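Enquirer: Structure: target-v2.json, JSON, C-alpha atoms.
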[["chain", "number", "residue", "atom", "x", "y", "z"],
["A", 1, "MET", "CA", 15.10, 22.30, 1.62],
["A", 2, "GLN", "CA", 18.47, 20.87, 0.58],
["A", 3, "CYS", "CA", 19.35, 20.97, -3.14],
["A", 4, "PRO", "CA", 19.92, 17.44, -4.50],
["A", 5, "THR", "CA", 22.73, 18.75, -6.75],
["A", 6, "CYS", "CA", 24.87, 21.12, -4.67],
["A", 7, "LYS", "CA", 23.50, 20.35, -1.17],
["A", 8, "ASN", "CA", 22.81, 24.03, -0.49],
["A", 9, "ASN", "CA", 19.99, 24.63, 2.01],
["A", 10, "GLY", "CA", 18.60, 27.71, 0.30],
["A", 11, "SER", "CA", 15.80, 27.26, -2.24],
["A", 12, "LYS", "CA", 12.74, 29.19, -3.32],
["A", 13, "VAL", "CA", 9.32, 27.80, -4.13],
["A", 14, "ILE", "CA", 8.33, 28.37, -7.78],
["A", 15, "ASP", "CA", 5.00, 26.52, -7.79],
["A", 16, "SER", "CA", 2.74, 24.72, -5.28],
["A", 17, "ARG", "CA", -0.11, 22.34, -6.10],
["A", 18, "PRO", "CA", -2.27, 19.90, -4.19],
["A", 19, "SER", "CA", -1.34, 16.29, -4.83],
["A", 20, "ASP", "CA", -2.53, 12.79, -3.86],
["A", 21, "ASP", "CA", -6.19, 13.84, -3.62],
["A", 22, "GLY", "CA", -5.33, 16.84, -1.46],
["A", 23, "LYS", "CA", -3.39, 14.83, 1.10],
["A", 24, "SER", "CA", -0.06, 16.36, 0.15],
["A", 25, "ILE", "CA", 1.38, 19.44, -1.52],
["A", 26, "ARG", "CA", 3.72, 19.20, -4.49],
["A", 27, "ARG", "CA", 6.24, 22.03, -4.54],
["A", 28, "ARG", "CA", 8.50, 22.95, -7.41],
["A", 29, "ARG", "CA", 11.68, 24.55, -6.05],
["A", 30, "GLU", "CA", 14.76, 26.27, -7.42],
["A", 31, "CYS", "CA", 18.14, 26.26, -5.67],
["A", 32, "GLU", "CA", 19.31, 29.80, -4.90],
["A", 33, "GLN", "CA", 22.95, 28.80, -5.38],
["A", 34, "CYS", "CA", 23.13, 26.62, -8.53],
["A", 35, "GLY", "CA", 19.67, 27.19, -10.07],
["A", 36, "THR", "CA", 18.74, 23.48, -10.18],
["A", 37, "ARG", "CA", 15.00, 22.86, -10.12],
["A", 38, "PHE", "CA", 13.57, 19.97, -8.13],
["A", 39, "THR", "CA", 10.25, 18.75, -6.72],
["A", 40, "THR", "CA", 9.36, 18.12, -3.10],
["A", 41, "PHE", "CA", 6.21, 16.77, -1.45],
["A", 42, "GLU", "CA", 4.84, 17.92, 1.87],
["A", 43, "ARG", "CA", 2.50, 15.62, 3.84],
["A", 44, "THR", "CA", 0.99, 15.75, 7.26],
["A", 45, "GLU", "CA", 2.64, 13.34, 9.63],
["A", 46, "GLN", "CA", 0.26, 10.63, 10.65],
["A", 47, "SER", "CA", 0.45, 8.58, 13.80],
["A", 48, "ALA", "CA", 2.09, 5.20, 13.50],
["A", 49, "ILE", "CA", -0.06, 2.12, 13.16],
["A", 50, "LEU", "CA", 1.15, -1.02, 14.90],
["A", 51, "VAL", "CA", 0.46, -4.37, 13.30],
["A", 52, "VAL", "CA", -0.13, -7.28, 15.67],
["A", 53, "LYS", "CA", 1.32, -10.38, 14.02],
["A", 54, "LYS", "CA", -0.09, -13.90, 14.44],
["A", 55, "ASN", "CA", 2.65, -14.73, 16.96],
["A", 56, "GLY", "CA", 1.76, -11.67, 19.08],
["A", 57, "ASN", "CA", 4.72, -9.52, 18.03],
["A", 58, "ARG", "CA", 4.06, -5.92, 17.08],
["A", 59, "GLU", "CA", 5.69, -3.99, 14.27],
["A", 60, "GLU", "CA", 5.02, -0.69, 12.56],
["A", 61, "PHE", "CA", 2.74, -0.79, 9.51],
["A", 62, "SER", "CA", 4.81, -0.66, 6.33],
["A", 63, "ARG", "CA", 3.25, 0.34, 3.02],
["A", 64, "GLU", "CA", 6.34, -1.02, 1.27],
["A", 65, "LYS", "CA", 6.05, -4.45, 2.88],
["A", 66, "LEU", "CA", 2.35, -4.68, 2.01],
["A", 67, "LEU", "CA", 3.06, -3.56, -1.56],
["A", 68, "ARG", "CA", 5.75, -6.27, -1.90],
["A", 69, "GLY", "CA", 3.22, -8.93, -0.90],
["A", 70, "ILE", "CA", 0.64, -7.61, -3.34],
["A", 71, "ARG", "CA", 3.22, -7.40, -6.12],
["A", 72, "ARG", "CA", 4.16, -11.04, -5.51],
["A", 73, "ALA", "CA", 0.52, -12.06, -5.80],
["A", 74, "CYS", "CA", 0.14, -10.01, -9.00],
["A", 75, "GLU", "CA", 3.33, -11.29, -10.70],
["A", 76, "LYS", "CA", 2.85, -12.04, -14.41],
["A", 77, "ARG", "CA", -0.74, -10.76, -14.24],
["A", 78, "PRO", "CA", -2.08, -7.82, -16.27],
["A", 79, "ILE", "CA", -2.40, -5.57, -13.23],
["A", 80, "PRO", "CA", -0.74, -2.14, -13.55],
["A", 81, "ALA", "CA", 1.54, -0.93, -10.76],
["A", 82, "GLU", "CA", -0.82, 2.02, -10.17],
["A", 83, "VAL", "CA", -3.66, -0.40, -9.36],
["A", 84, "GLN", "CA", -1.44, -2.33, -6.95],
["A", 85, "GLU", "CA", -0.41, 0.91, -5.21],
["A", 86, "SER", "CA", -4.06, 1.93, -5.10],
["A", 87, "VAL", "CA", -4.87, -1.29, -3.21],
["A", 88, "VAL", "CA", -2.24, -0.39, -0.61],
["A", 89, "SER", "CA", -3.65, 3.15, -0.29],
["A", 90, "GLN", "CA", -7.20, 1.86, 0.10],
["A", 91, "VAL", "CA", -6.14, -0.67, 2.74],
["A", 92, "GLU", "CA", -4.22, 1.99, 4.67],
["A", 93, "ARG", "CA", -7.21, 4.33, 4.42],
["A", 94, "GLN", "CA", -9.50, 1.60, 5.82],
["A", 95, "ILE", "CA", -7.14, 1.03, 8.74],
["A", 96, "ARG", "CA", -6.90, 4.76, 9.51],
["A", 97, "ASP", "CA", -10.66, 5.21, 9.14],
["A", 98, "ASP", "CA", -11.17, 2.53, 11.80],
["A", 99, "GLY", "CA", -9.29, 4.88, 14.16],
["A", 100, "LYS", "CA", -7.27, 2.14, 15.84],
["A", 101, "SER", "CA", -3.61, 2.49, 16.74],
["A", 102, "GLU", "CA", -3.18, -1.30, 16.51],
["A", 103, "VAL", "CA", -4.55, -3.69, 13.89],
["A", 104, "ASP", "CA", -4.25, -7.46, 13.54],
["A", 105, "SER", "CA", -2.34, -8.72, 10.50],
["A", 106, "THR", "CA", -5.34, -10.96, 9.76],
["A", 107, "GLU", "CA", -7.53, -7.88, 9.40],
["A", 108, "ILE", "CA", -5.07, -6.35, 6.93],
["A", 109, "GLY", "CA", -5.10, -9.60, 4.97],
["A", 110, "LYS", "CA", -8.90, -9.50, 4.78],
["A", 111, "TYR", "CA", -8.82, -5.92, 3.51],
["A", 112, "VAL", "CA", -6.32, -6.88, 0.78],
["A", 113, "MET", "CA", -8.30, -9.95, -0.23],
["A", 114, "ASP", "CA", -11.49, -7.88, -0.50],
["A", 115, "GLN", "CA", -9.70, -5.52, -2.89],
["A", 116, "LEU", "CA", -8.01, -8.26, -4.95],
["A", 117, "ALA", "CA", -11.28, -10.19, -5.32],
["A", 118, "HIS", "CA", -12.56, -7.33, -7.50],
["A", 119, "ILE", "CA", -9.34, -7.00, -9.50],
["A", 120, "ASP", "CA", -7.99, -10.43, -10.42],
["A", 121, "ASP", "CA", -8.97, -14.00, -9.46],
["A", 122, "VAL", "CA", -5.45, -15.41, -9.73],
["A", 123, "ALA", "CA", -3.91, -12.63, -7.62],
["A", 124, "TYR", "CA", -6.64, -13.20, -5.04],
["A", 125, "ILE", "CA", -5.89, -16.93, -4.79],
["A", 126, "ARG", "CA", -2.12, -16.34, -4.68],
["A", 127, "PHE", "CA", -2.50, -13.83, -1.86],
["A", 128, "ALA", "CA", -4.96, -16.09, -0.02],
["A", 129, "SER", "CA", -2.57, -19.05, -0.25],
["A", 130, "VAL", "CA", 0.08, -17.13, 1.70],
["A", 131, "TYR", "CA", -2.29, -15.24, 4.00],
["A", 132, "ARG", "CA", -4.35, -18.30, 4.95],
["A", 133, "GLU", "CA", -1.34, -20.65, 4.98],
["A", 134, "PHE", "CA", -2.97, -23.50, 3.06],
["A", 135, "LYS", "CA", -1.79, -26.77, 4.58],
["A", 136, "ASP", "CA", -2.97, -29.07, 1.80],
["A", 137, "ILE", "CA", -4.96, -29.21, -1.44],
["A", 138, "GLY", "CA", -8.24, -29.74, 0.45],
["A", 139, "VAL", "CA", -7.98, -26.39, 2.21],
["A", 140, "PHE", "CA", -7.04, -24.80, -1.12],
["A", 141, "MET", "CA", -10.11, -26.30, -2.81],
["A", 142, "GLU", "CA", -12.37, -25.09, -0.01],
["A", 143, "GLU", "CA", -11.06, -21.56, -0.51],
["A", 144, "MET", "CA", -11.63, -21.84, -4.26],
["A", 145, "LYS", "CA", -15.25, -22.95, -3.72],
["A", 146, "ALA", "CA", -15.88, -20.15, -1.21],
["A", 147, "PHE", "CA", -14.38, -17.63, -3.63],
["A", 148, "GLU", "CA", -16.57, -18.86, -6.51],
["A", 149, "GLU", "CA", -19.67, -18.61, -4.31],
["A", 150, "LYS", "CA", -18.67, -15.11, -3.28],
["A", 151, "LYS", "CA", -18.26, -14.08, -6.93],
["A", 152, "LYS", "CA", -21.82, -15.22, -7.75]]
Can you give me the file's structure in the form of structure tokens?
Expert:
Amino acid sequence: MQCPTCKNNGSKVIDSRPSDDGKSIRRRRECEQCGTRFTTFERTEQSAILVVKKNGNREEFSREKLLRGIRRACEKRPIPAEVQESVVSQVERQIRDDGKSEVDSTEIGKYVMDQLAHIDDVAYIRFASVYREFKDIGVFMEEMKAFEEKKK
């Protein structure tokens, strides 16, 4: 592992611990040349998931892109970053549990909306407005009514 300070490739492991609910290993390392201590994470490499967009294009699933969309929906709301990241992890876990190598973007949107419905009403509506592409106020109001019924 390359030292972030001196770029030497020699380091020794000082401590190892499970991390991220056992899905990765956190290793504390020390550079053999300069003595700098740093942390690395080791994860199993998972197969790529392809997202089928509405226009038929395919692109690789991106946690970062999904997190950006969720953060936009949660702007100026009292939702901690850890909760937002947890939504992304839960959505990715659902996709992987389905065992598919390809997933429709609409399915991802449904997973996110299911999570946001339990967290924050405003974030849910904001996300739905982009995901469902509301054309006018009537469609928006229909979604609001459906959401209220779902909450009951």
Enquirer: Rank nothing, just name the residue among A:Thr39, A:Gln33, A:Asn57, A:Gln90 nearest to Asn9 of chain A, using only C-alpha atoms.
Expert: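 Of A:Thr39, A:Gln33, A:Asn57, A:Gln90, the one nearest Asn9 of chain A, counting only C-alpha atoms, is A:Gln33.
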Enquirer: Just give me the gap between atom CA of Cys31 of chain A and atom CA of Thr44 of chain A in Å, one decimal is fine.
Expert: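 A separation of 23.9 Å between them.
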Enquirer: Of the residues A:Phe147, A:Val103, A:Glu75, A:Arg68, which is the one nearest to Val87 of chain A, using all atoms listed in the file?
Expert: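 Of A:Phe147, A:Val103, A:Glu75, A:Arg68, the one nearest Val87 of chain A, counting all atoms listed in the file, is A:Arg68.
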Enquirer: Would you mind telling me which residue in A:Arg17, A:His118, A:Arg72, A:Lys12 lies nearest to Cys34 of chain A when using all atoms listed in the file?
Expert: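 With all atoms listed in the file as the atom set, the closest residue is A:Lys12.
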Enquirer: Find the distance between atom CA of Glu143 of chain A and atom CA of Met113 of chain A and write it in Å to one decimal.
Expert: 11.9 Å
Enquirer: Just want the 12 Å neighbourhood of Ser86 of chain A, counted on only C-alpha atoms, with same-chain residues fewer than 6 positions away dropped. Output as a count of residues only.
Expert: 14
Enquirer: For each of A:Cys6, A:Glu142, A:Arg126, A:Arg43, take the minimum atom-to-atom distance to Asp21 of chain A, counting only C-alpha atoms, then give the residue where this is smallest.
Expert: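 Comparing A:Cys6, A:Glu142, A:Arg126, A:Arg43 against Asp21 of chain A, the winner is A:Arg43.
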Enquirer: What is the distance, in Å and to one decimal place, between atom CA of Cys3 of chain A and atom CA of Gly22 of chain A?
Expert: 25.1 Å
Enquirer: Which is closer to Ile95 of chain A than all the others in A:Ala48, A:Ala81, A:Met141, A:Ile108, using all atoms listed in the file?
Expert: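 Under the stated criterion, the closest residue is A:Ile108.
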